[in-house]
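Chemist: Below is the file run-v7.cif, with mmCIF, C-alpha atoms.
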```cif
data_final
#
loop_
_atom_site.group_PDB
_atom_site.id
_atom_site.type_symbol
_atom_site.label_atom_id
_atom_site.label_comp_id
_atom_site.auth_asym_id
_atom_site.auth_seq_id
_atom_site.Cartn_x
_atom_site.Cartn_y
_atom_site.Cartn_z
ATOM 1 C CA MET A 1 -11.820 -30.812 -7.805
ATOM 2 C CA ALA A 2 -14.580 -30.904 -5.186
ATOM 3 C CA ARG A 3 -17.976 -29.639 -6.179
ATOM 4 C CA ARG A 4 -19.479 -26.977 -4.041
ATOM 5 C CA PRO A 5 -22.643 -28.288 -2.377
ATOM 6 C CA GLN A 6 -25.796 -26.716 -3.748
ATOM 7 C CA PRO A 7 -28.153 -25.210 -1.156
ATOM 8 C CA ARG A 8 -31.608 -26.640 -0.729
ATOM 9 C CA HIS A 9 -34.210 -24.278 -2.156
ATOM 10 C CA ILE A 10 -37.585 -24.122 -0.468
ATOM 11 C CA THR A 11 -40.686 -21.985 -0.815
ATOM 12 C CA LEU A 12 -41.828 -20.375 2.403
ATOM 13 C CA GLY A 13 -44.939 -18.192 2.437
ATOM 14 C CA GLY A 14 -44.810 -17.852 -1.339
ATOM 15 C CA ARG A 15 -41.148 -16.660 -1.284
ATOM 16 C CA GLU A 16 -38.172 -18.677 -2.368
ATOM 17 C CA ALA A 17 -35.632 -19.324 0.395
ATOM 18 C CA VAL A 18 -32.573 -21.454 1.097
ATOM 19 C CA ALA A 19 -32.520 -24.015 3.888
ATOM 20 C CA LEU A 20 -29.273 -24.473 5.826
ATOM 21 C CA THR A 21 -28.359 -26.993 8.451
ATOM 22 C CA VAL A 22 -27.218 -25.620 11.818
ATOM 23 C CA GLU A 23 -23.591 -26.480 10.950
ATOM 24 C CA GLU A 24 -23.806 -24.706 7.565
ATOM 25 C CA TYR A 25 -25.330 -21.651 9.229
ATOM 26 C CA GLU A 26 -22.567 -21.563 11.865
ATOM 27 C CA ARG A 27 -19.894 -21.800 9.143
ATOM 28 C CA LEU A 28 -21.601 -18.957 7.264
ATOM 29 C CA ILE A 29 -21.614 -16.753 10.377
ATOM 30 C CA ALA A 30 -17.947 -17.609 11.092
ATOM 31 C CA SER A 31 -17.023 -16.642 7.514
ATOM 32 C CA ARG A 32 -18.838 -13.327 7.872
ATOM 33 C CA ARG A 33 -16.903 -12.587 11.080
ATOM 34 C CA GLN A 34 -13.598 -13.368 9.351
ATOM 35 C CA ILE A 35 -14.451 -11.116 6.429
ATOM 36 C CA GLY A 36 -15.400 -8.325 8.830
ATOM 37 C CA GLY A 37 -12.049 -8.622 10.581
ATOM 38 C CA GLN A 38 -10.156 -8.646 7.302
ATOM 39 C CA SER A 39 -12.113 -5.614 6.126
ATOM 40 C CA ALA A 40 -11.065 -3.709 9.254
ATOM 41 C CA ARG A 41 -7.409 -4.643 8.662
ATOM 42 C CA VAL A 42 -7.633 -3.484 5.041
ATOM 43 C CA ARG A 43 -9.032 -0.122 6.183
ATOM 44 C CA VAL A 44 -6.137 0.296 8.636
ATOM 45 C CA LEU A 45 -3.585 -0.599 5.938
ATOM 46 C CA ALA A 46 -5.173 1.839 3.477
ATOM 47 C CA HIS A 47 -4.979 4.583 6.102
ATOM 48 C CA GLN A 48 -1.316 3.761 6.779
ATOM 49 C CA ALA A 49 -0.564 3.819 3.045
ATOM 50 C CA LYS A 50 -2.138 7.279 2.725
ATOM 51 C CA ARG A 51 -0.150 8.545 5.713
ATOM 52 C CA THR A 52 3.061 7.099 4.264
ATOM 53 C CA GLU A 53 2.392 8.727 0.893
ATOM 54 C CA GLN A 54 1.806 12.063 2.616
ATOM 55 C CA PHE A 55 5.006 11.587 4.628
ATOM 56 C CA LEU A 56 6.997 10.894 1.456
ATOM 57 C CA GLN A 57 5.575 13.986 -0.239
ATOM 58 C CA GLU A 58 6.457 16.159 2.753
ATOM 59 C CA LEU A 59 9.929 14.613 2.986
ATOM 60 C CA GLU A 60 10.497 15.199 -0.718
ATOM 61 C CA THR A 61 9.478 18.834 -0.317
ATOM 62 C CA LEU A 62 11.678 19.239 2.759
ATOM 63 C CA VAL A 63 14.732 17.646 1.163
ATOM 64 C CA GLY A 64 14.365 19.457 -2.159
ATOM 65 C CA ALA A 65 17.175 18.335 -4.442
ATOM 66 C CA PRO A 66 19.917 20.941 -5.072
ATOM 67 C CA ALA A 67 20.134 22.445 -8.560
ATOM 68 C CA ALA A 68 23.147 20.305 -9.522
ATOM 69 C CA CYS A 69 21.215 17.191 -8.572
ATOM 70 C CA ARG A 70 18.166 18.233 -10.621
ATOM 71 C CA GLU A 71 20.418 18.830 -13.653
ATOM 72 C CA ARG A 72 21.747 15.269 -13.527
ATOM 73 C CA ALA A 73 18.496 13.543 -12.568
ATOM 74 C CA GLY A 74 18.655 9.889 -13.432
ATOM 75 C CA GLN A 75 22.296 9.358 -12.484
ATOM 76 C CA THR A 76 23.036 7.096 -9.564
ATOM 77 C CA PRO A 77 23.856 8.678 -6.206
ATOM 78 C CA THR A 78 27.274 6.981 -6.243
ATOM 79 C CA ALA A 79 28.262 9.348 -9.061
ATOM 80 C CA CYS A 80 27.438 12.344 -6.875
ATOM 81 C CA PRO A 81 30.892 13.298 -5.470
ATOM 82 C CA SER A 82 32.376 13.870 -8.925
ATOM 83 C CA THR A 83 29.381 15.895 -10.094
ATOM 84 C CA CYS A 84 28.689 17.962 -6.967
ATOM 85 C CA PRO A 85 28.868 21.735 -7.403
ATOM 86 C CA ALA A 86 32.459 22.873 -7.857
ATOM 87 C CA GLY A 87 33.837 25.430 -5.437
ATOM 88 C CA ALA A 88 31.444 24.498 -2.629
ATOM 89 C CA ALA A 89 32.841 23.922 0.813
ATOM 90 C CA GLN A 90 33.407 20.236 1.589
ATOM 91 C CA SER A 91 30.624 20.198 4.219
ATOM 92 C CA ASP A 92 28.191 21.890 1.811
ATOM 93 C CA THR A 93 29.096 19.383 -0.878
ATOM 94 C CA ALA A 94 28.505 16.465 1.465
ATOM 95 C CA ALA A 95 25.122 17.886 2.515
ATOM 96 C CA ASP A 96 24.131 18.461 -1.116
ATOM 97 C CA CYS A 97 25.269 14.927 -2.020
ATOM 98 C CA LEU A 98 23.158 13.519 0.803
ATOM 99 C CA ARG A 99 20.189 15.571 -0.380
ATOM 100 C CA CYS A 100 20.803 14.284 -3.918
ATOM 101 C CA ALA A 101 20.879 10.689 -2.706
ATOM 102 C CA ILE A 102 17.699 11.092 -0.638
ATOM 103 C CA ALA A 103 15.897 12.841 -3.499
ATOM 104 C CA ASP A 104 16.971 10.068 -5.875
ATOM 105 C CA LEU A 105 15.805 7.393 -3.419
ATOM 106 C CA LEU A 106 12.409 9.083 -3.041
ATOM 107 C CA ARG A 107 12.074 9.414 -6.806
ATOM 108 C CA ARG A 108 12.888 5.731 -7.384
ATOM 109 C CA HIS A 109 10.426 4.511 -4.759
ATOM 110 C CA ARG A 110 7.657 6.844 -5.868
ATOM 111 C CA ASP A 111 7.859 5.875 -9.562
ATOM 112 C CA PRO A 112 7.224 2.108 -9.970
ATOM 113 C CA ALA A 113 8.595 2.201 -13.534
ATOM 114 C CA SER A 114 12.095 3.108 -12.272
#
```
Would you put the structure from the file into structure tokens?
Modeler:
Amino acid sequence: MARRPQPRHITLGGREAVALTVEEYERLIASRRQIGGQSARVRVLAHQAKRTEQFLQELETLVGAPAACRERAGQTPTACPSTCPAGAAQSDTAADCLRCAIADLLRRHRDPAS
């Protein structure tokens, strides 16, 4: 494992300082620029994550699982057709099953423990 070079300490006007060669100083400045760029990218990603979380919350509210789906929370969406509300029109059942599946998908992706 390579040892990190130790900077040269000097005293200048009664204050301790570190002396760098021109090459070391240029590398230091380049590193600072890279970190600044990475920091900007992290801020953008954090903003996108917040927007995505807000989108998921709004989508979850909009979809709103039907009562039958809430009663069987935890079951897989593939079990939906046999457990959809009885007596509903076929198109209503399909819409409710889709809402169940979307609500289940949102729930699984929101809760990392699932």
Chemist: Rounded to one decimal in Å, what is the spacing between CA of Leu62 (chain A) and CA of Ala49 (chain A)?
Modeler: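 The value is 19.7 Å.
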Chemist: Kindly give the distance, in Å, that separates CA of Arg3 (chain A) and CA of Glu24 (chain A), rounded to a single decimal.
Modeler: 15.7 Å
Chemist: What is the CA of Thr11 (chain A) to CA of Arg33 (chain A) distance in Å?
Modeler: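 Computing it gives 28.2 Å between the two atoms.
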